[in-house]
file target-v6.cif (mmCIF, C-alpha atoms)
data_my_file
loop_
_atom_site.label_atom_id
_atom_site.label_comp_id
_atom_site.auth_asym_id
_atom_site.auth_seq_id
_atom_site.Cartn_x
_atom_site.Cartn_y
_atom_site.Cartn_z
CA MET A 1 23.67 -13.54 42.63
CA SER A 2 20.07 -13.76 43.68
CA ASP A 3 20.22 -16.87 45.82
CA HIS A 4 17.24 -17.37 48.01
CA VAL A 5 18.03 -17.33 51.72
CA SER A 6 15.35 -19.26 53.56
CA PRO A 7 14.40 -18.04 57.03
CA ILE A 8 15.61 -20.16 59.95
CA SER A 9 11.98 -20.60 61.03
CA LEU A 10 11.29 -22.46 57.76
CA TYR A 11 14.14 -24.91 58.40
CA LEU A 12 12.93 -25.50 61.95
CA THR A 13 9.37 -26.06 60.72
CA ILE A 14 10.56 -28.65 58.20
CA PHE A 15 12.70 -30.31 60.87
CA PHE A 16 9.78 -30.65 63.28
CA ALA A 17 7.49 -31.83 60.48
CA LEU A 18 10.02 -34.56 59.62
CA MET A 19 10.29 -35.61 63.27
CA ILE A 20 6.52 -35.74 63.71
CA LEU A 21 6.12 -37.72 60.48
CA THR A 22 8.72 -40.20 61.75
CA GLY A 23 6.56 -40.68 64.85
CA VAL A 24 3.47 -41.03 62.66
CA THR A 25 5.06 -43.70 60.50
CA VAL A 26 6.08 -45.73 63.57
CA ALA A 27 2.60 -45.34 65.07
CA ALA A 28 0.95 -46.33 61.78
CA ALA A 29 3.08 -49.48 61.63
CA TYR A 30 1.51 -50.66 64.90
CA VAL A 31 -2.03 -50.29 63.53
CA ASP A 32 -3.36 -53.15 61.39
CA LEU A 33 -4.34 -51.46 58.14
CA GLY A 34 -4.34 -54.69 56.17
CA GLN A 35 -3.04 -54.09 52.67
CA PHE A 36 -2.57 -50.41 53.39
CA ASN A 37 0.26 -50.56 55.94
CA PHE A 38 2.86 -50.56 53.19
CA PRO A 39 1.32 -47.81 50.99
CA VAL A 40 0.83 -45.59 54.05
CA ALA A 41 4.46 -46.06 55.14
CA MET A 42 5.70 -45.29 51.62
CA LEU A 43 3.38 -42.29 51.32
CA ILE A 44 4.76 -40.82 54.55
CA ALA A 45 8.35 -41.55 53.51
CA GLY A 46 7.71 -40.01 50.09
CA PHE A 47 6.26 -36.91 51.68
CA LYS A 48 9.23 -36.62 54.05
CA ALA A 49 11.63 -37.01 51.12
CA SER A 50 9.73 -34.33 49.19
CA LEU A 51 10.07 -31.90 52.10
CA VAL A 52 13.82 -32.51 52.21
CA VAL A 53 14.21 -32.14 48.43
CA TRP A 54 11.99 -29.09 48.16
CA TYR A 55 13.16 -27.04 51.13
CA PHE A 56 16.46 -28.44 52.50
CA MET A 57 17.88 -29.08 49.01
CA HIS A 58 16.47 -25.79 47.71
CA VAL A 59 14.91 -27.32 44.61
CA LYS A 60 11.97 -24.97 45.17
CA TYR A 61 14.24 -22.04 44.34
CA GLN A 62 16.14 -23.64 41.45
CA SER A 63 15.63 -23.18 37.73
CA HIS A 64 13.17 -25.19 35.66
CA MET A 65 16.16 -26.98 34.20
CA THR A 66 17.18 -28.27 37.63
CA LYS A 67 13.62 -29.22 38.52
CA LEU A 68 13.34 -31.14 35.27
CA THR A 69 16.60 -32.94 36.05
CA VAL A 70 15.27 -34.03 39.43
CA ALA A 71 11.95 -35.10 37.91
CA THR A 72 13.78 -37.16 35.29
CA GLY A 73 15.52 -39.17 37.98
CA LEU A 74 12.26 -39.88 39.79
CA PHE A 75 10.64 -40.84 36.49
CA PHE A 76 13.27 -43.45 35.75
CA LEU A 77 13.18 -44.73 39.33
CA ALA A 78 9.42 -45.17 38.92
CA ILE A 79 10.02 -47.17 35.73
CA LEU A 80 12.64 -49.31 37.44
CA LEU A 81 10.39 -50.10 40.42
CA GLY A 82 7.06 -50.19 38.59
CA MET A 83 8.01 -52.33 35.64
CA SER A 84 10.00 -54.78 37.77
CA LEU A 85 7.10 -55.15 40.19
CA ILE A 86 4.57 -55.68 37.40
CA ASP A 87 6.80 -58.37 35.93
CA TYR A 88 7.28 -60.33 39.13
CA VAL A 89 3.80 -59.91 40.58
CA SER A 90 2.12 -61.05 37.37
CA ARG A 91 4.02 -64.35 37.45
CA GLY A 92 1.51 -65.87 39.82
CA ALA A 93 1.11 -66.85 43.44
CA SER A 94 3.65 -66.04 46.07
CA PHE A 95 6.63 -68.34 45.95
CA GLN A 96 6.77 -68.92 49.66
CA HIS A 97 4.09 -71.62 49.50
CA GLN A 98 6.25 -73.58 47.12
CA LEU A 99 9.12 -73.75 49.55
CA PRO A 100 10.05 -77.30 50.46
CA ALA A 101 9.20 -78.21 54.00
CA THR A 102 12.66 -79.55 54.68
CA THR A 103 15.99 -77.95 54.24
CA PRO A 104 17.39 -79.01 50.88
CA ASP A 105 20.87 -80.38 50.46
CA GLY A 106 23.62 -77.86 50.42
CA VAL A 107 22.17 -75.56 53.05
CA ILE A 108 24.44 -75.55 56.04
CA GLN A 109 22.72 -76.59 59.22
CA PRO A 110 22.59 -74.02 62.00
CA PRO A 111 25.34 -74.53 64.55
CA GLY A 112 25.24 -74.58 68.29
CA PRO A 113 21.99 -74.59 70.22
CA ALA A 114 19.80 -74.88 67.10
CA SER A 115 21.11 -78.18 65.79
CA HIS A 116 18.65 -80.98 66.38
CA MET B 1 34.25 15.67 31.74
CA SER B 2 35.91 14.59 34.91
CA ASN B 3 32.51 13.42 36.00
CA ALA B 4 32.18 11.19 32.94
CA VAL B 5 35.63 9.77 33.51
CA ALA B 6 34.79 9.06 37.11
CA GLN B 7 31.57 7.38 36.00
CA ALA B 8 33.32 5.23 33.44
CA ASP B 9 35.95 4.43 35.99
CA SER B 10 33.46 3.33 38.60
CA HIS B 11 31.59 1.32 35.99
CA SER B 12 34.64 -0.57 34.83
CA HIS B 13 35.70 -1.06 38.41
CA GLY B 14 32.31 -2.46 39.33
CA HIS B 15 32.34 -4.77 36.33
CA ALA B 16 35.86 -5.89 37.00
CA HIS B 17 34.96 -6.62 40.59
CA ALA B 18 32.04 -8.83 39.62
CA ALA B 19 33.93 -10.60 36.83
CA HIS B 20 36.99 -11.26 38.91
CA HIS B 21 35.58 -12.98 41.89
CA PRO B 22 38.47 -15.34 42.69
CA ALA B 23 36.20 -18.36 42.52
CA LEU B 24 34.85 -17.62 39.04
CA GLN B 25 36.30 -20.02 36.49
CA HIS B 26 37.22 -18.54 33.12
CA HIS B 27 34.78 -20.68 31.16
CA PHE B 28 31.77 -19.19 32.94
CA ASP B 29 30.33 -15.74 32.31
CA THR B 30 28.84 -15.12 35.71
CA MET B 31 28.83 -16.57 39.19
CA SER B 32 25.18 -17.56 38.91
CA GLN B 33 25.82 -19.38 35.64
CA GLN B 34 28.66 -21.24 37.32
CA LYS B 35 26.44 -22.08 40.27
CA GLU B 36 23.65 -23.30 38.00
CA ALA B 37 26.05 -25.64 36.21
CA ALA B 38 27.26 -27.02 39.54
CA VAL B 39 23.72 -27.58 40.81
CA ILE B 40 22.64 -29.47 37.69
CA GLY B 41 25.87 -31.47 37.66
CA MET B 42 25.37 -32.44 41.30
CA TRP B 43 21.79 -33.49 40.66
CA VAL B 44 22.83 -35.61 37.69
CA PHE B 45 25.30 -37.35 40.01
CA LEU B 46 22.56 -37.83 42.59
CA LEU B 47 20.33 -39.37 39.91
CA THR B 48 22.96 -42.04 39.31
CA GLU B 49 22.96 -42.57 43.07
CA ILE B 50 19.16 -42.88 43.10
CA LEU B 51 19.31 -45.59 40.45
CA PHE B 52 22.27 -47.21 42.24
CA PHE B 53 20.18 -47.59 45.39
CA GLY B 54 17.13 -48.19 43.18
CA GLY B 55 18.49 -51.57 42.10
CA LEU B 56 18.68 -52.64 45.73
CA PHE B 57 15.18 -51.33 46.37
CA VAL B 58 13.92 -53.46 43.47
CA ALA B 59 15.67 -56.53 44.88
CA TYR B 60 14.16 -55.77 48.28
CA MET B 61 10.71 -55.27 46.80
CA ILE B 62 10.64 -58.54 44.87
CA TYR B 63 11.92 -60.66 47.76
CA ARG B 64 9.51 -58.92 50.08
CA VAL B 65 6.62 -59.89 47.80
CA TRP B 66 7.84 -63.47 47.58
CA TYR B 67 8.78 -64.02 51.22
CA PHE B 68 6.65 -61.50 53.05
CA ASP B 69 6.19 -63.57 56.21
CA ALA B 70 9.93 -64.13 56.48
CA PHE B 71 10.55 -60.40 56.04
CA ALA B 72 7.94 -59.60 58.68
CA GLU B 73 9.52 -62.05 61.12
CA ALA B 74 13.07 -60.91 60.47
CA SER B 75 12.14 -57.24 60.58
CA ARG B 76 10.97 -57.65 64.17
CA ARG B 77 14.50 -58.68 65.10
CA LEU B 78 15.64 -55.10 64.50
CA SER B 79 15.53 -52.66 67.37
CA LEU B 80 12.96 -49.97 66.78
CA PHE B 81 14.63 -47.86 69.45
CA TRP B 82 17.99 -47.71 67.67
CA GLY B 83 16.39 -47.35 64.24
CA GLY B 84 14.10 -44.55 65.40
CA LEU B 85 16.95 -42.82 67.21
CA ASN B 86 19.09 -42.97 64.07
CA THR B 87 16.25 -41.54 61.99
CA ALA B 88 15.98 -38.62 64.39
CA VAL B 89 19.77 -38.17 64.39
CA LEU B 90 19.89 -38.04 60.59
CA ILE B 91 16.98 -35.62 60.32
CA GLY B 92 18.74 -33.47 62.90
CA SER B 93 21.95 -33.61 60.87
CA SER B 94 20.01 -32.48 57.80
CA LEU B 95 18.79 -29.48 59.79
CA THR B 96 22.32 -28.57 60.91
CA MET B 97 23.51 -29.01 57.30
CA ALA B 98 20.79 -26.69 56.00
CA LEU B 99 21.74 -24.15 58.66
CA ALA B 100 25.42 -24.43 57.69
CA VAL B 101 24.52 -23.58 54.08
CA ARG B 102 22.38 -20.71 55.29
CA CYS B 103 25.25 -19.32 57.37
CA ALA B 104 27.53 -19.59 54.34
CA GLN B 105 24.92 -17.66 52.32
CA THR B 106 24.90 -14.91 54.93
CA ASN B 107 28.68 -14.64 55.33
CA ASN B 108 28.67 -16.14 58.81
CA ARG B 109 31.95 -18.04 58.71
CA LYS B 110 32.07 -18.98 62.39
CA TRP B 111 28.63 -20.62 62.42
CA THR B 112 29.12 -22.24 59.03
CA VAL B 113 32.03 -24.08 60.62
CA ASN B 114 30.09 -24.80 63.83
CA TRP B 115 27.06 -26.23 62.05
CA LEU B 116 29.29 -28.32 59.79
CA ILE B 117 31.12 -29.77 62.79
CA LEU B 118 27.79 -30.55 64.44
CA THR B 119 26.64 -32.24 61.22
CA MET B 120 29.77 -34.41 61.26
CA LEU B 121 29.23 -35.28 64.92
CA LEU B 122 25.63 -36.35 64.25
CA GLY B 123 26.88 -38.40 61.31
CA CYS B 124 29.33 -40.13 63.65
CA VAL B 125 26.57 -40.75 66.19
CA PHE B 126 24.57 -42.43 63.43
CA LEU B 127 27.52 -44.64 62.51
CA GLY B 128 28.12 -45.46 66.17
CA VAL B 129 24.52 -46.61 66.59
CA LYS B 130 24.93 -48.66 63.44
CA VAL B 131 27.94 -50.38 65.00
CA ILE B 132 25.84 -51.24 68.07
CA GLU B 133 23.11 -52.69 65.85
CA TYR B 134 25.54 -54.70 63.72
CA GLU B 135 27.30 -55.98 66.83
CA ASP B 136 23.95 -57.23 68.13
CA LYS B 137 23.30 -59.06 64.85
CA PHE B 138 26.68 -60.75 64.99
CA ALA B 139 26.13 -61.73 68.62
CA ASN B 140 22.77 -63.34 67.76
CA TYR B 141 23.99 -65.33 64.73
CA GLU B 142 21.84 -63.16 62.46
CA VAL B 143 24.50 -62.44 59.87
CA PRO B 144 23.86 -64.44 56.67
CA GLY B 145 26.41 -67.14 56.07
CA PRO B 146 27.56 -70.45 57.53
CA SER B 147 26.91 -69.44 61.13
CA TYR B 148 23.48 -67.93 60.50
CA ASN B 149 21.03 -69.30 63.06
CA TRP B 150 17.48 -68.05 63.03
CA LEU B 151 16.51 -70.00 66.14
CA TYR B 152 19.37 -68.80 68.33
CA HIS B 153 17.63 -65.56 69.28
CA GLU B 154 14.40 -67.20 70.42
CA GLN B 155 16.13 -70.02 72.24
CA HIS B 156 18.31 -67.49 73.92
CA ALA B 157 15.24 -65.49 74.89
CA ALA B 158 13.46 -68.66 76.06
CA ALA B 159 16.45 -69.61 78.18
CA GLU B 160 16.30 -66.22 79.81
CA ALA B 161 12.52 -66.40 80.19
CA HIS B 162 13.05 -68.34 83.43
CA ALA B 163 15.00 -65.36 84.64
CA PRO B 164 13.03 -62.21 85.68
CA THR B 165 12.49 -60.70 82.19
CA GLY B 166 10.82 -63.09 79.81
CA ALA B 167 8.38 -60.76 78.08
CA GLU B 168 9.99 -61.01 74.65
CA GLY B 169 10.05 -64.82 74.58
CA ALA B 170 6.40 -64.94 75.58
CA ALA B 171 5.37 -62.38 72.98
CA THR B 172 6.68 -64.45 70.08
CA GLU B 173 4.49 -67.37 71.17
CA HIS B 174 1.30 -65.56 70.18
CA ARG B 175 1.96 -65.45 66.50
CA GLU B 176 1.18 -68.47 64.40
CA LEU B 177 4.02 -68.91 61.97
CA SER B 178 3.24 -69.75 58.37
CA LEU B 179 6.79 -70.94 57.85
CA THR B 180 8.60 -73.86 59.40
CA PRO B 181 11.86 -73.21 61.23
CA ASP B 182 13.77 -74.64 58.28
CA GLN B 183 12.04 -72.28 55.87
CA LEU B 184 12.66 -69.36 58.19
CA GLN B 185 16.30 -70.34 58.48
CA ARG B 186 16.60 -70.07 54.70
CA THR B 187 14.34 -67.17 53.79
CA THR B 188 15.15 -64.78 56.62
CA GLN B 189 18.74 -64.83 55.41
CA ILE B 190 17.52 -63.07 52.28
CA TYR B 191 16.10 -60.31 54.44
CA PHE B 192 19.30 -59.95 56.43
CA SER B 193 21.42 -60.03 53.27
CA LEU B 194 19.43 -57.09 51.97
CA TYR B 195 19.52 -55.44 55.39
CA PHE B 196 23.30 -55.57 55.54
CA THR B 197 23.78 -54.59 51.90
CA MET B 198 21.42 -51.63 51.99
CA THR B 199 22.39 -50.27 55.41
CA GLY B 200 26.04 -51.07 54.65
CA LEU B 201 25.98 -49.11 51.41
CA HIS B 202 24.15 -46.33 53.20
CA ALA B 203 26.72 -46.32 56.00
CA LEU B 204 29.47 -46.17 53.38
CA HIS B 205 27.81 -43.05 52.01
CA MET B 206 27.68 -41.64 55.51
CA ILE B 207 31.42 -42.24 55.93
CA VAL B 208 32.08 -40.51 52.58
CA GLY B 209 29.77 -37.71 53.68
CA VAL B 210 31.64 -37.18 56.94
CA GLY B 211 34.92 -37.08 55.01
CA LEU B 212 33.42 -34.57 52.60
CA MET B 213 32.23 -32.44 55.51
CA ALA B 214 35.71 -32.51 57.03
CA VAL B 215 37.17 -31.02 53.82
CA ILE B 216 34.39 -28.44 53.50
CA THR B 217 34.75 -27.48 57.16
CA TRP B 218 38.46 -26.94 56.67
CA MET B 219 37.77 -24.81 53.57
CA ALA B 220 35.15 -22.79 55.43
CA TRP B 221 37.55 -22.34 58.34
CA LYS B 222 40.15 -21.03 55.90
CA GLY B 223 37.65 -18.44 54.68
CA ARG B 224 37.29 -19.83 51.16
CA PHE B 225 33.58 -19.02 51.02
CA ASP B 226 31.47 -15.90 51.04
CA ALA B 227 27.92 -14.91 50.13
CA GLN B 228 28.96 -14.85 46.45
CA TYR B 229 30.62 -18.24 46.46
CA TYR B 230 29.61 -21.08 48.74
CA THR B 231 28.90 -23.71 46.07
CA PRO B 232 31.00 -26.50 47.70
CA VAL B 233 29.07 -26.08 50.95
CA GLU B 234 25.75 -26.29 49.14
CA MET B 235 26.81 -29.21 46.92
CA SER B 236 28.05 -31.34 49.80
CA GLY B 237 24.82 -30.36 51.53
CA LEU B 238 22.87 -31.85 48.62
CA TYR B 239 24.85 -35.08 49.04
CA TRP B 240 24.19 -35.16 52.77
CA HIS B 241 20.45 -34.58 52.32
CA PHE B 242 20.35 -37.31 49.68
CA VAL B 243 21.87 -39.80 52.11
CA ASP B 244 19.28 -38.68 54.65
CA ILE B 245 16.48 -39.36 52.13
CA VAL B 246 17.79 -42.88 51.48
CA TRP B 247 17.52 -43.55 55.21
CA ILE B 248 14.02 -42.05 55.31
CA PHE B 249 13.01 -44.93 53.00
CA LEU B 250 15.25 -47.59 54.57
CA PHE B 251 13.78 -47.06 58.03
CA PRO B 252 10.15 -48.05 57.26
CA LEU B 253 11.25 -50.69 54.72
CA LEU B 254 13.61 -52.53 57.06
CA TYR B 255 12.34 -51.79 60.56
CA LEU B 256 8.59 -51.54 60.05
CA VAL B 257 7.68 -54.43 57.73
CA GLU B 258 4.91 -55.69 60.00
CA ARG B 259 4.89 -54.47 63.56
CA HIS B 260 1.23 -54.74 64.45
CA MET B 261 1.11 -58.49 65.14
#
call {"tool": "encode", "arguments": {"input": "target-v6.cif", "output": "structure tokens"}}
result
Amino acid sequence: MSDHVSPISLYLTIFFALMILTGVTVAAAYVDLGQFNFPVAMLIAGFKASLVVWYFMHVKYQSHMTKLTVATGLFFLAILLGMSLIDYVSRGASFQHQLPATTPDGVIQPPGPASH
Amino acid sequence: MSNAVAQADSHSHGHAHAAHHPALQHHFDTMSQQKEAAVIGMWVFLLTEILFFGGLFVAYMIYRVWYFDAFAEASRRLSLFWGGLNTAVLIGSSLTMALAVRCAQTNNRKWTVNWLILTMLLGCVFLGVKVIEYEDKFANYEVPGPSYNWLYHEQHAAAEAHAPTGAEGAATEHRELSLTPDQLQRTTQIYFSLYFTMTGLHALHMIVGVGLMAVITWMAWKGRFDAQYYTPVEMSGLYWHFVDIVWIFLFPLLYLVERHM
């Protein structure tokens, strides 16, 4: 068996990188980046996930077969998210402006202090 | 002659030793082949998990596009302190899990067990924090259903604003809402439905993970693993890291929709 044993220092480095990136993503959320708040948050999360997959889950040291298996999953996830988003976004303006101003029948009125 | 016999003897002994590792199943040629099969099998399972959660992420994504303002409003009702703490706890548990696997790789039985126990404890801390968060949602009528009440939280805060600490109630006044209270009452329930479904399913995975760790810890304690065979430790580690990754995405998606207002 020629399993790769990563040094403890590598695991600690990844751990601190993940912690710092968590701080970065919280800090970035408090800055108004306009349209880019969401992509930045997802980019950071994607990078964190990659670190976990690559080093903690040892994919770096696995066979091409395993790497291909992992890539296949991400590929189909991308199709699931991408195609669904294209479908719904291309249907036109955001639905929230079409919401009726009043609560329609059938929606239960809030109880307690909120009832007016 | 005797030399040759001794050589042949040592060769067959060495071969027999490698072939007869107690953990090697008869349908595999070598330990590394067996390990490779387990790794790919585990990843295929994780792919089904990715697509399982993927469906919820799609639902989240579409409703977020449709009702962004409602998601932004509702997201601010979550506590960044507890969410951030839980993120740190889970990342920490991933570190202890990785170290447990490393100790198994290096024949360190005692610390394999210790790191696994620590991983379980961190998992329980995560679940405990989740209980605190859920309890807060129930207390504030923020659980979707007949008793859902979007306005309760603010009215509660406004009522307390006359008391010493009224910072939160005042802060919500600054933002001009694009949605009427009735619209918020309806649309924020979608956010909280997704919040409870996604974090609930994640928490369920955490509970399964802790159970898995308990079994693996017991096996490690019994001395079932060595540097040649520690596949169950590594495989449950893959599961644990996967659950961590799901949270890495859930945290910004649920807690950080729009915090800069």
call {"tool": "residues_around", "arguments": {"input": "target-v6.cif", "residues": "segment 142-144 of chain B", "least_positions_apart": "2", "cutoff": "7 Å", "atoms": "only C-alpha atoms", "output": "JSON, numbers by chain"}}
result
{"B": [137, 138, 140, 148, 149, 150, 189, 192, 193]}
call {"tool": "resolve_selection", "arguments": {"input": "target-v6.cif", "expression": "the PyMOL selection byres ((chain A and resi 81-88) around 8)", "output": "ChimeraX atom specification"}}
result
/A:77-80,89-91 /B:54,57-58,61-62
call {"tool": "resolve_selection", "arguments": {"input": "target-v6.cif", "expression": "the PyMOL selection byres ((chain B and resi 81) around 12)", "output": "list of chain:residue names"}}
result
A:Gly23, A:Val26, B:Arg76, B:Arg77, B:Leu78, B:Ser79, B:Leu80, B:Trp82, B:Gly83, B:Gly84, B:Leu85, B:Asn86, B:Thr87, B:Ala88, B:Val129, B:Lys130, B:Ile132, B:Glu133, B:Phe251, B:Tyr255, B:Leu256
call {"tool": "closest_residue", "arguments": {"input": "target-v6.cif", "among": "A:Leu43, A:Val52, A:His64, A:Phe36", "to": "chain B", "atoms": "all atoms listed in the file"}}
result
A:Val52
call {"tool": "closest_residue", "arguments": {"input": "target-v6.cif", "among": "B:Arg109, B:His26, B:Lys35, B:His202", "to": "Leu56 of chain B", "atoms": "only C-alpha atoms"}}
result
B:His202
call {"tool": "residues_near_point", "arguments": {"input": "target-v6.cif", "point": "(11.4, -34.9, 50.2)", "cutoff": "12 Å", "atoms": "all atoms listed in the file", "output": "short mmCIF file (atom, residue, chain, number, x, y, z; two decimals) with C-alpha atoms, keeping the file's coordinate frame"}}
result
data_model
loop_
_atom_site.label_atom_id
_atom_site.label_comp_id
_atom_site.auth_asym_id
_atom_site.auth_seq_id
_atom_site.Cartn_x
_atom_site.Cartn_y
_atom_site.Cartn_z
CA ILE A 14 10.56 -28.65 58.20
CA PHE A 15 12.70 -30.31 60.87
CA ALA A 17 7.49 -31.83 60.48
CA LEU A 18 10.02 -34.56 59.62
CA LEU A 21 6.12 -37.72 60.48
CA MET A 42 5.70 -45.29 51.62
CA LEU A 43 3.38 -42.29 51.32
CA ILE A 44 4.76 -40.82 54.55
CA ALA A 45 8.35 -41.55 53.51
CA GLY A 46 7.71 -40.01 50.09
CA PHE A 47 6.26 -36.91 51.68
CA LYS A 48 9.23 -36.62 54.05
CA ALA A 49 11.63 -37.01 51.12
CA SER A 50 9.73 -34.33 49.19
CA LEU A 51 10.07 -31.90 52.10
CA VAL A 52 13.82 -32.51 52.21
CA VAL A 53 14.21 -32.14 48.43
CA TRP A 54 11.99 -29.09 48.16
CA TYR A 55 13.16 -27.04 51.13
CA PHE A 56 16.46 -28.44 52.50
CA MET A 57 17.88 -29.08 49.01
CA HIS A 58 16.47 -25.79 47.71
CA VAL A 59 14.91 -27.32 44.61
CA LYS A 60 11.97 -24.97 45.17
CA VAL A 70 15.27 -34.03 39.43
CA LEU A 74 12.26 -39.88 39.79
CA ILE B 91 16.98 -35.62 60.32
CA SER B 94 20.01 -32.48 57.80
CA LEU B 238 22.87 -31.85 48.62
CA HIS B 241 20.45 -34.58 52.32
CA PHE B 242 20.35 -37.31 49.68
CA VAL B 243 21.87 -39.80 52.11
CA ASP B 244 19.28 -38.68 54.65
CA ILE B 245 16.48 -39.36 52.13
CA VAL B 246 17.79 -42.88 51.48
CA TRP B 247 17.52 -43.55 55.21
CA ILE B 248 14.02 -42.05 55.31
CA PHE B 249 13.01 -44.93 53.00
#
call {"tool": "atom_distance", "arguments": {"input": "target-v6.cif", "atom1": "atom CA of Gly200 of chain B", "atom2": "atom CA of Asp136 of chain B"}}
result
15.0 Å
call {"tool": "resolve_selection", "arguments": {"input": "target-v6.cif", "expression": "the PyMOL selection byres ((chain B and resi 71) around 9)", "output": "ChimeraX atom specification"}}
result
/B:63-64,67-70,72-76,187-188,190-192,254,257-258
call {"tool": "closest_residue", "arguments": {"input": "target-v6.cif", "among": "B:Val39, B:Met213, B:Ala158, B:Met31", "to": "Thr119 of chain B", "atoms": "only C-alpha atoms"}}
result
B:Met213
call {"tool": "residues_around", "arguments": {"input": "target-v6.cif", "residues": "segment 100-106 of chain B", "least_positions_apart": "4", "cutoff": "9 Å", "atoms": "only C-alpha atoms", "output": "ChimeraX atom specification"}}
result
/A:3-8 /B:95-96,110-116,119,220,225-230,233-234,237
call {"tool": "atom_distance", "arguments": {"input": "target-v6.cif", "atom1": "atom CA of Gln155 of chain B", "atom2": "atom CA of Ala139 of chain B"}}
result
13.5 Å
